[in-house]
$ cat query_16.tsv   # TSV, C-alpha atoms
chain	number	residue	atom	x	y	z
C	1073	MET	CA	21.34	-12.60	-76.55
C	1074	VAL	CA	20.81	-12.62	-72.75
C	1075	LEU	CA	17.33	-13.73	-71.88
C	1076	CYS	CA	17.24	-12.34	-68.32
C	1077	ARG	CA	19.40	-11.58	-65.39
C	1078	PRO	CA	19.95	-14.69	-63.24
C	1079	PHE	CA	17.48	-14.86	-60.31
C	1080	TRP	CA	20.24	-15.39	-57.74
C	1081	LEU	CA	21.90	-12.11	-58.69
C	1082	TRP	CA	18.62	-10.30	-58.67
C	1083	SER	CA	17.72	-11.58	-55.19
C	1084	ALA	CA	21.17	-10.77	-53.82
C	1085	ASP	CA	21.13	-7.30	-55.24
C	1086	ARG	CA	17.64	-5.99	-54.78
C	1087	GLU	CA	16.50	-3.86	-51.98
C	1088	SER	CA	13.88	-5.53	-49.80
C	1089	GLU	CA	10.36	-4.40	-50.20
C	1090	ASN	CA	8.78	-2.78	-47.19
C	1091	LEU	CA	7.08	-5.97	-46.11
C	1092	CYS	CA	5.83	-6.38	-42.53
C	1093	VAL	CA	6.78	-9.57	-40.72
C	1094	LYS	CA	5.48	-10.99	-37.49
C	1095	GLY	CA	7.95	-10.49	-34.67
C	1096	GLU	CA	8.44	-12.66	-31.62
C	1097	TYR	CA	5.98	-10.61	-29.55
C	1098	GLY	CA	3.47	-9.95	-32.33
C	1099	VAL	CA	4.95	-6.53	-33.05
C	1100	SER	CA	5.62	-5.53	-36.72
C	1101	ALA	CA	9.20	-4.99	-37.82
C	1102	ARG	CA	10.89	-4.19	-41.12
C	1103	ARG	CA	13.64	-6.15	-42.80
C	1104	ARG	CA	16.95	-4.43	-43.20
C	1105	ARG	CA	18.64	-3.85	-46.59
C	1106	ARG	CA	20.63	-6.95	-47.40
C	1107	LYS	CA	24.31	-6.64	-48.33
C	1108	ARG	CA	25.70	-8.19	-51.54
C	1109	ASN	CA	27.71	-11.34	-51.13
C	1110	PRO	CA	30.81	-11.07	-53.44
C	1111	VAL	CA	31.17	-14.86	-53.76
C	1112	ALA	CA	27.57	-15.22	-54.86
C	1113	VAL	CA	28.02	-12.38	-57.39
C	1114	ALA	CA	31.16	-13.96	-58.92
C	1115	LEU	CA	29.51	-17.36	-59.10
C	1116	GLY	CA	26.49	-15.80	-60.76
C	1117	TRP	CA	28.64	-14.22	-63.50
C	1118	VAL	CA	30.36	-17.56	-64.16
C	1119	LEU	CA	27.02	-19.30	-64.56
C	1120	LEU	CA	25.76	-16.44	-66.72
C	1121	THR	CA	28.72	-16.84	-69.05
C	1122	VAL	CA	28.06	-20.61	-69.32
C	1123	VAL	CA	24.39	-20.06	-70.12
C	1124	GLU	CA	25.17	-17.42	-72.73
C	1125	GLY	CA	27.78	-19.70	-74.30
C	1126	ILE	CA	25.25	-22.51	-74.57
C	1127	GLN	CA	22.76	-20.14	-76.12
C	1128	LYS	CA	25.35	-19.10	-78.78
C	1129	ILE	CA	25.88	-22.68	-79.79
C	1130	GLY	CA	22.16	-23.30	-79.88
C	1131	GLY	CA	22.36	-23.19	-83.64
C	1132	VAL	CA	24.63	-26.19	-83.57
C	1133	TRP	CA	21.87	-28.22	-81.82
C	1134	LYS	CA	19.71	-27.64	-84.91
C	1135	LYS	CA	22.25	-28.87	-87.43
C	1136	PRO	CA	21.75	-32.23	-89.06
C	1137	GLY	CA	23.36	-35.02	-87.13
C	1138	PHE	CA	22.84	-33.38	-83.70
C	1139	THR	CA	20.88	-36.01	-81.91
C	1140	GLY	CA	18.34	-35.75	-79.06
C	1141	GLY	CA	20.83	-37.41	-76.71
C	1142	LYS	CA	23.18	-34.49	-77.17
C	1143	LEU	CA	20.32	-32.11	-76.36
C	1144	ALA	CA	19.42	-34.04	-73.22
C	1145	PHE	CA	23.03	-34.06	-72.15
C	1146	SER	CA	23.28	-30.28	-72.59
C	1147	LEU	CA	20.11	-29.74	-70.47
C	1148	VAL	CA	21.43	-31.91	-67.67
C	1149	ILE	CA	24.69	-29.91	-67.67
C	1150	MET	CA	22.73	-26.65	-67.43
C	1151	LEU	CA	20.48	-27.87	-64.60
C	1152	ALA	CA	23.44	-29.23	-62.68
C	1153	LEU	CA	25.33	-25.95	-62.95
C	1154	GLY	CA	22.22	-24.04	-61.85
C	1155	GLY	CA	21.71	-26.29	-58.81
C	1156	ILE	CA	25.33	-25.98	-57.77
C	1157	GLY	CA	25.19	-22.21	-58.02
C	1158	THR	CA	21.99	-21.96	-56.00
C	1159	GLY	CA	23.38	-24.29	-53.28
C	1160	VAL	CA	26.60	-22.32	-52.97
C	1161	TYR	CA	24.67	-19.07	-52.77
C	1162	LEU	CA	22.36	-20.30	-50.02
C	1163	HIS	CA	25.30	-21.75	-48.10
C	1164	LEU	CA	27.31	-18.55	-48.21
C	1165	LYS	CA	24.40	-16.18	-47.70
C	1166	PRO	CA	24.75	-14.45	-44.29
C	1167	VAL	CA	21.79	-15.02	-41.96
C	1168	GLU	CA	20.77	-11.85	-40.23
C	1169	SER	CA	18.24	-11.91	-37.41
C	1170	LEU	CA	15.49	-9.42	-37.87
C	1171	PRO	CA	15.33	-6.78	-35.20
C	1172	VAL	CA	12.17	-7.01	-33.19
C	1173	GLU	CA	10.76	-4.20	-31.21
C	1174	ALA	CA	10.68	-4.90	-27.50
C	1175	PRO	CA	7.21	-5.57	-26.13
C	1176	PRO	CA	5.61	-2.79	-24.21
C	1177	GLU	CA	6.44	-3.02	-20.50
C	1178	GLU	CA	3.70	-4.63	-18.53
C	1179	ILE	CA	2.14	-2.43	-15.93
C	1180	LEU	CA	2.72	-4.26	-12.67
C	1181	ASP	CA	1.88	-3.13	-9.19
C	1182	LEU	CA	5.43	-3.56	-7.90
C	1183	PRO	CA	6.70	-1.88	-4.74
C	1184	ASP	CA	8.93	1.08	-5.20
C	1185	PRO	CA	12.33	0.09	-3.71
C	1186	SER	CA	13.01	3.71	-2.85
C	1187	VAL	CA	10.04	3.81	-0.48
C	1188	PRO	CA	10.58	2.02	2.87
C	1189	ASP	CA	8.04	-0.60	3.86
C	1190	LEU	CA	5.51	0.64	6.35
C	1191	PRO	CA	4.04	-1.68	8.99
C	1192	ALA	CA	0.63	-3.00	8.04
C	1193	GLU	CA	-2.25	-1.46	9.89
C	1194	PRO	CA	-3.66	-3.89	12.46
C	1195	GLU	CA	-6.98	-5.36	11.52
C	1196	GLU	CA	-9.94	-4.51	13.64
C	1197	PRO	CA	-10.67	-7.49	15.92
C	1198	GLU	CA	-13.96	-9.14	15.28
C	1199	GLU	CA	-16.57	-8.68	17.92
C	1200	PRO	CA	-17.05	-11.97	19.81
C	1201	VAL	CA	-20.36	-13.60	19.14
C	1202	ASP	CA	-22.40	-13.73	22.31
C	1203	ASP	CA	-24.16	-17.08	22.27
C	1204	GLY	CA	-25.41	-16.61	25.80
C	1205	SER	CA	-22.99	-19.16	27.29
C	1206	PRO	CA	-22.13	-18.48	30.94
C	1207	ARG	CA	-18.81	-16.74	31.31
C	1208	PRO	CA	-16.93	-14.88	34.05
C	1209	ASP	CA	-17.58	-11.20	34.56
C	1210	PRO	CA	-15.12	-9.29	32.32
C	1211	GLU	CA	-14.32	-7.10	35.33
C	1212	SER	CA	-13.59	-10.11	37.52
C	1213	GLN	CA	-10.33	-9.90	39.46
C	1214	ILE	CA	-9.79	-13.66	39.17
C	1215	ASP	CA	-6.72	-14.54	37.12
C	1216	PHE	CA	-7.99	-17.59	35.25
C	1217	ALA	CA	-4.84	-17.77	33.13
C	1218	ALA	CA	-2.79	-18.18	36.29
C	1219	LEU	CA	-5.14	-20.91	37.53
C	1220	ARG	CA	-4.73	-22.77	34.22
C	1221	GLU	CA	-0.96	-22.47	34.53
C	1222	GLN	CA	-1.13	-23.97	38.01
C	1223	LEU	CA	-3.33	-26.77	36.70
C	1224	ALA	CA	-0.83	-27.47	33.91
C	1225	ALA	CA	1.99	-27.62	36.45
C	1226	ALA	CA	-0.02	-30.05	38.60
C	1227	LYS	CA	-0.77	-32.25	35.56
C	1228	ALA	CA	2.92	-32.26	34.66
C	1229	GLN	CA	3.65	-33.79	38.08
C	1230	ASN	CA	0.58	-36.03	38.24
C	1231	ASP	CA	-1.61	-36.85	35.25
C	1232	GLU	CA	-4.57	-37.60	37.53
C	1233	ALA	CA	-5.15	-33.86	38.00
C	1234	VAL	CA	-8.37	-32.96	36.13
C	1235	ALA	CA	-9.33	-29.44	37.25
C	1236	TRP	CA	-8.53	-26.51	39.50
C	1237	LEU	CA	-11.01	-25.60	42.26
C	1238	TYR	CA	-11.25	-21.98	43.32
C	1239	ILE	CA	-13.64	-20.27	45.76
C	1240	PRO	CA	-13.32	-16.48	46.16
C	1241	GLY	CA	-13.39	-15.19	49.71
C	1242	THR	CA	-11.63	-18.33	50.98
C	1243	THR	CA	-8.22	-19.98	50.77
C	1244	VAL	CA	-9.63	-22.80	48.64
C	1245	SER	CA	-7.49	-22.87	45.50
C	1246	HIS	CA	-6.32	-26.40	44.78
C	1247	PRO	CA	-5.94	-28.94	41.99
C	1248	VAL	CA	-8.57	-31.68	41.95
C	1249	PHE	CA	-7.64	-35.30	41.22
C	1250	LEU	CA	-9.53	-38.35	40.01
C	1251	THR	CA	-8.44	-41.92	40.63
C	1252	ASP	CA	-10.09	-45.33	40.99
C	1253	ASP	CA	-10.91	-45.16	44.72
C	1254	ASN	CA	-12.01	-42.69	47.40
C	1255	SER	CA	-9.18	-43.33	49.85
C	1256	PHE	CA	-5.80	-42.75	48.15
C	1257	TYR	CA	-5.88	-38.94	48.14
C	1258	LEU	CA	-7.14	-38.77	51.73
C	1259	ASP	CA	-3.52	-39.13	52.83
C	1260	HIS	CA	-1.53	-38.42	49.67
C	1261	ASN	CA	-0.72	-35.07	48.14
C	1262	ALA	CA	-0.49	-33.79	44.55
C	1263	VAL	CA	2.73	-35.70	43.84
C	1264	LYS	CA	1.37	-38.90	45.44
C	1265	ALA	CA	3.58	-38.56	48.49
C	1266	TYR	CA	2.19	-39.39	51.92
C	1267	ASP	CA	0.48	-36.39	53.49
C	1268	PRO	CA	-2.10	-36.66	56.29
C	1269	TYR	CA	-3.94	-33.64	54.88
C	1270	GLY	CA	-4.37	-35.20	51.48
C	1271	ILE	CA	-5.67	-33.16	48.53
C	1272	PRO	CA	-9.15	-32.51	47.03
C	1273	PHE	CA	-10.35	-35.34	44.78
C	1274	LEU	CA	-13.45	-36.36	42.83
C	1275	ASP	CA	-15.57	-39.34	43.76
C	1276	TYR	CA	-14.20	-42.29	41.79
C	1277	ARG	CA	-17.63	-42.79	40.22
C	1278	ASN	CA	-17.47	-39.37	38.60
C	1279	THR	CA	-16.34	-38.57	35.08
C	1280	ALA	CA	-14.24	-35.56	34.08
C	1281	GLY	CA	-12.80	-33.91	30.99
C	1282	LEU	CA	-12.12	-30.59	29.31
C	1283	ARG	CA	-15.72	-29.36	29.17
C	1284	ALA	CA	-18.69	-29.24	31.49
C	1285	GLY	CA	-20.44	-31.88	29.38
C	1286	ASP	CA	-17.63	-34.32	30.20
C	1287	PHE	CA	-18.47	-34.18	33.91
C	1288	SER	CA	-21.15	-36.12	35.74
C	1289	THR	CA	-24.50	-34.57	36.62
C	1290	ASN	CA	-23.29	-34.20	40.21
C	1291	SER	CA	-19.51	-33.82	40.60
C	1292	ILE	CA	-18.63	-34.67	44.19
C	1293	ILE	CA	-15.32	-33.40	45.54
C	1294	TYR	CA	-13.90	-34.53	48.90
C	1295	ALA	CA	-11.23	-32.96	51.10
C	1296	HIS	CA	-10.31	-32.90	54.78
C	1297	ASN	CA	-11.44	-30.56	57.51
C	1298	LYS	CA	-9.06	-30.93	60.45
C	1299	ALA	CA	-10.59	-28.06	62.41
C	1300	ASP	CA	-7.65	-25.81	61.58
C	1301	HIS	CA	-9.23	-23.83	58.71
C	1302	ARG	CA	-7.18	-25.57	56.04
C	1303	LEU	CA	-8.49	-27.20	52.86
C	1304	PHE	CA	-12.26	-27.71	53.18
C	1305	GLY	CA	-12.23	-26.45	56.75
C	1306	GLN	CA	-12.84	-23.14	54.93
C	1307	LEU	CA	-16.31	-24.33	53.94
C	1308	LEU	CA	-17.52	-24.26	57.55
C	1309	ASP	CA	-15.93	-20.83	58.06
C	1310	THR	CA	-17.89	-19.55	55.08
C	1311	TYR	CA	-21.26	-21.20	54.45
C	1312	LEU	CA	-22.77	-21.26	57.96
C	1313	ASP	CA	-23.64	-17.58	57.89
C	1314	ALA	CA	-25.09	-15.30	55.21
C	1315	ASP	CA	-22.63	-12.49	55.85
C	1316	SER	CA	-19.58	-14.73	55.42
C	1317	ALA	CA	-21.12	-16.53	52.43
C	1318	ARG	CA	-21.89	-13.33	50.54
C	1319	ASP	CA	-18.47	-13.14	48.87
C	1320	SER	CA	-18.39	-16.85	48.06
C	1321	CYS	CA	-21.67	-17.43	46.24
C	1322	TYR	CA	-19.84	-18.69	43.15
C	1323	ILE	CA	-17.53	-21.68	42.88
C	1324	TYR	CA	-15.12	-22.02	39.95
C	1325	LEU	CA	-13.92	-25.28	38.46
C	1326	VAL	CA	-11.27	-24.53	35.84
C	1327	THR	CA	-10.11	-27.02	33.21
C	1328	GLU	CA	-7.83	-26.64	30.21
C	1329	GLY	CA	-10.90	-26.09	28.03
C	1330	GLU	CA	-13.43	-24.21	30.14
C	1331	VAL	CA	-14.13	-22.14	33.22
C	1332	MET	CA	-17.16	-23.71	34.87
C	1333	ILE	CA	-19.02	-21.40	37.24
C	1334	PHE	CA	-21.40	-22.80	39.84
C	1335	LYS	CA	-23.90	-20.83	41.90
C	1336	VAL	CA	-24.27	-22.02	45.51
C	1337	PHE	CA	-27.77	-23.01	46.67
C	1338	ALA	CA	-27.12	-24.92	49.92
C	1339	GLY	CA	-24.61	-25.54	52.75
C	1340	PHE	CA	-25.61	-28.11	55.39
C	1341	TYR	CA	-24.68	-30.72	58.02
C	1342	THR	CA	-25.78	-34.31	57.57
C	1343	ASN	CA	-25.00	-37.90	58.48
C	1344	GLY	CA	-22.36	-39.58	56.43
C	1345	SER	CA	-23.48	-43.17	57.03
C	1346	SER	CA	-26.24	-45.37	58.36
C	1347	TYR	CA	-24.90	-44.98	61.90
C	1348	GLY	CA	-27.17	-41.97	62.11
C	1349	GLU	CA	-30.94	-42.38	62.46
C	1350	GLU	CA	-31.51	-40.29	59.38
C	1351	VAL	CA	-29.29	-40.40	56.37
C	1352	PHE	CA	-29.42	-37.70	53.72
C	1353	ASN	CA	-27.87	-39.22	50.61
C	1354	TYR	CA	-26.45	-36.13	48.96
C	1355	ARG	CA	-23.71	-38.08	47.16
C	1356	GLN	CA	-25.77	-39.08	44.14
C	1357	ILE	CA	-23.78	-39.03	40.91
C	1358	SER	CA	-26.62	-38.91	38.36
C	1359	PRO	CA	-29.82	-37.68	39.97
C	1360	GLU	CA	-32.72	-36.99	37.65
C	1361	GLY	CA	-36.48	-36.53	37.75
C	1362	GLU	CA	-37.98	-36.99	41.22
C	1363	ALA	CA	-34.60	-37.99	42.67
C	1364	LEU	CA	-33.12	-34.66	41.58
C	1365	THR	CA	-36.10	-32.72	42.91
C	1366	LYS	CA	-35.91	-34.44	46.32
C	1367	LEU	CA	-32.13	-34.03	46.50
C	1368	VAL	CA	-32.37	-30.27	45.93
C	1369	GLU	CA	-35.33	-29.79	48.30
C	1370	ASP	CA	-33.63	-31.74	51.11
C	1371	ALA	CA	-30.38	-29.82	50.65
C	1372	LYS	CA	-32.18	-26.46	50.78
C	1373	ALA	CA	-34.17	-27.49	53.86
C	1374	ARG	CA	-30.93	-28.35	55.68
C	1375	SER	CA	-29.00	-25.33	54.47
C	1376	TRP	CA	-27.89	-22.84	57.12
C	1377	VAL	CA	-28.21	-20.06	54.58
C	1378	LYS	CA	-31.08	-19.62	52.15
C	1379	TYR	CA	-30.09	-18.68	48.62
C	1380	GLY	CA	-32.47	-17.44	45.96
C	1381	VAL	CA	-31.21	-20.00	43.46
C	1382	ASP	CA	-33.44	-22.43	41.59
C	1383	VAL	CA	-32.41	-25.82	40.23
C	1384	GLU	CA	-34.04	-27.51	37.24
C	1385	GLU	CA	-33.87	-30.78	35.39
C	1386	GLY	CA	-30.78	-30.78	33.21
C	1387	ASP	CA	-28.70	-28.56	35.51
C	1388	GLN	CA	-25.24	-29.80	36.39
C	1389	LEU	CA	-24.28	-29.77	40.06
C	1390	ILE	CA	-21.15	-29.70	42.14
C	1391	THR	CA	-21.02	-30.95	45.74
C	1392	LEU	CA	-18.15	-30.27	48.14
C	1393	SER	CA	-18.03	-32.73	51.04
C	1394	THR	CA	-15.95	-32.73	54.22
C	1395	CYS	CA	-16.01	-33.68	57.90
C	1396	GLY	CA	-17.95	-31.73	60.56
C	1397	TYR	CA	-17.29	-31.42	64.31
C	1398	ARG	CA	-20.43	-29.75	65.54
C	1399	TYR	CA	-22.10	-32.85	67.03
C	1400	ARG	CA	-20.63	-34.78	69.98
C	1401	TYR	CA	-21.51	-37.81	72.05
C	1402	ALA	CA	-23.15	-36.89	75.35
C	1403	SER	CA	-21.30	-39.63	77.23
C	1404	THR	CA	-17.74	-38.89	76.15
C	1405	GLY	CA	-17.79	-35.47	74.53
C	1406	GLY	CA	-16.06	-36.93	71.53
C	1407	TYR	CA	-17.22	-35.71	68.15
C	1408	ILE	CA	-19.45	-37.94	66.05
C	1409	ASP	CA	-17.17	-38.96	63.22
C	1410	VAL	CA	-19.97	-39.66	60.75
C	1411	THR	CA	-20.95	-36.01	60.63
C	1412	ARG	CA	-20.49	-34.41	57.24
C	1413	PHE	CA	-20.77	-30.88	55.91
C	1414	GLY	CA	-21.74	-30.34	52.30
C	1415	VAL	CA	-21.98	-27.38	49.93
C	1416	MET	CA	-24.00	-27.71	46.73
C	1417	ALA	CA	-24.12	-25.44	43.70
C	1418	ARG	CA	-25.43	-25.58	40.14
C	1419	LEU	CA	-23.72	-24.64	36.89
C	1420	LEU	CA	-24.65	-21.26	35.44
C	1421	ARG	CA	-27.09	-21.40	32.54
C	1422	LYS	CA	-26.88	-19.51	29.26
C	1423	GLY	CA	-27.38	-15.81	29.82
C	1424	GLU	CA	-26.20	-15.91	33.45
C	1425	THR	CA	-22.93	-14.45	34.71
C	1426	ASP	CA	-21.06	-14.47	38.00
C	1427	SER	CA	-21.90	-10.78	38.40
C	1428	ASP	CA	-25.58	-11.57	38.89
C	1429	PRO	CA	-26.58	-10.76	42.47
C	1430	VAL	CA	-27.58	-13.61	44.77
C	1431	ILE	CA	-30.25	-13.04	47.40
C	1432	LEU	CA	-29.24	-14.85	50.59
C	1433	TYR	CA	-30.20	-14.76	54.27
C	1434	ASN	CA	-29.79	-16.98	57.30
C	1435	ASN	CA	-32.12	-19.96	57.76
C	1436	ARG	CA	-33.36	-19.86	61.37
C	1437	SER	CA	-34.48	-23.47	61.43
C	1438	PRO	CA	-32.38	-25.73	59.24
C	1439	ILE	CA	-33.01	-29.45	59.52
C	1440	GLU	CA	-30.14	-30.94	61.52
C	1441	PRO	CA	-28.99	-34.55	61.53
C	1442	THR	CA	-29.98	-36.97	64.27
C	1443	PHE	CA	-27.96	-39.84	65.76
C	1444	ARG	CA	-28.77	-43.05	67.61
C	1445	ASN	CA	-26.81	-42.32	70.76
C	1446	ALA	CA	-27.29	-39.29	72.94
C	1447	TYR	CA	-25.47	-36.33	71.56
C	1448	TYR	CA	-25.36	-32.59	71.71
C	1449	ALA	CA	-24.43	-29.81	69.35
C	1450	SER	CA	-21.31	-27.86	70.14
C	1451	THR	CA	-21.56	-24.09	69.92
C	1452	THR	CA	-17.84	-23.68	69.18
C	1453	ALA	CA	-16.64	-26.60	67.10
C	1454	ARG	CA	-17.43	-26.74	63.42
$ encode --input "query_16.tsv" --output "structure tokens"
Amino acid sequence: MVLCRPFWLWSADRESENLCVKGEYGVSARRRRRKRNPVAVALGWVLLTVVEGIQKIGGVWKKPGFTGGKLAFSLVIMLALGGIGTGVYLHLKPVESLPVEAPPEEILDLPDPSVPDLPAEPEEPEEPVDDGSPRPDPESQIDFAALREQLAAAKAQNDEAVAWLYIPGTTVSHPVFLTDDNSFYLDHNAVKAYDPYGIPFLDYRNTAGLRAGDFSTNSIIYAHNKADHRLFGQLLDTYLDADSARDSCYIYLVTEGEVMIFKVFAGFYTNGSSYGEEVFNYRQISPEGEALTKLVEDAKARSWVKYGVDVEEGDQLITLSTCGYRYRYASTGGYIDVTRFGVMARLLRKGETDSDPVILYNNRSPIEPTFRNAYYASTTAR
């Protein structure tokens, strides 16, 4: 009698239950109906026949003289045949991958290739923060970019160039140099070649840099006046009369990092050395306190034009210095070579611009220099 159908035939033959399995993406899928393997079926029938044959001779095991060793041997044979059959079945069983439903497409914000790219709309520029720092009038006709380009060109030829000096209403537009003495650039030009006219330069005691704070309290710039209206000869054409000074009330010193704007407060003659009976020392690099107050008062008292410009402690100054030819020796008529003409201005403060009006008028009684020897003042020479 057959006890049961072998398990390997049952598993190879049955239709899979509708069991859900976990797919690769967590999506349920159903197993397909498995196909019968003919080799496994044949092997199963062979094993079935063996088992049934053993069962038929089971009565023999109970006869007298059939020992336990024979029973054990029969069990081993049965287990061995069952193991072999199971191994063959598993080896020959086709492995079918379970179909897995594709995951739902992710919703991505991808550009549509059929739609051409459109240029991005330009962002609105941020409004500049007005911190009150002095700056040129936006409507100014001065091309500061061009001045910086000229400064860069000068620095490329000579690394001692530190700034560009510009005075509207005049022909003064030159690079300014700084070296370790006050004589070299009197007769050398921007490329250090000999030139009797020289080039504007800072007093060697001064400091300079990219920003106003890098400069000395009083930046003193020298250049020639050869009575032919070139270089600083323009200063005497401009600052001896209110009408001619009106368009030149602001002086610009341009560096790579800043446009420094100075407001003129004095233009005067003075002695340049102790050869004169009275010496006005306007070439002070770091005046402060009472020294600054006296310097400004003396400059204003000597100025040929009065400007409504105040100067306070902490203001930075610029002084332009050149030769003057107004005063001559009575005996020879030759000009007194220690005569100097100076123009002084202060840096604009926060909140001030170069569009602010300047009140100016002629000074009818400026203090003039005096000299030891007899002299007179020329009405034509400057």
$ closest_residue --input "query_16.tsv" --among "C:Asp1309, C:Asp1275, C:Asp1370, C:Glu1385" --to "Thr1342 in chain C" --atoms "only C-alpha atoms"
C:Asp1370
$ atom_distance --input "query_16.tsv" --atom1 "CA of Leu1420 in chain C" --atom2 "CA of Ala1224 in chain C"
24.7 Å
$ closest_residue --input "query_16.tsv" --among "C:Gly1386, C:Gly1339, C:Gly1281, C:Pro1359" --to "Arg1412 in chain C" --atoms "only C-alpha atoms"
C:Gly1339
$ closest_residue --input "query_16.tsv" --among "C:Tyr1399, C:Phe1287, C:Trp1376, C:Tyr1324" --to "Ala1446 in chain C" --atoms "all atoms listed in the file"
C:Tyr1399
$ closest_residue --input "query_16.tsv" --among "C:Ala1284, C:Met1332, C:Ile1293, C:Gln1222" --to "Phe1249 in chain C" --atoms "all atoms listed in the file"
C:Ile1293
$ atom_distance --input "query_16.tsv" --atom1 "CA of Lys1227 in chain C" --atom2 "CA of Glu1330 in chain C"
15.9 Å
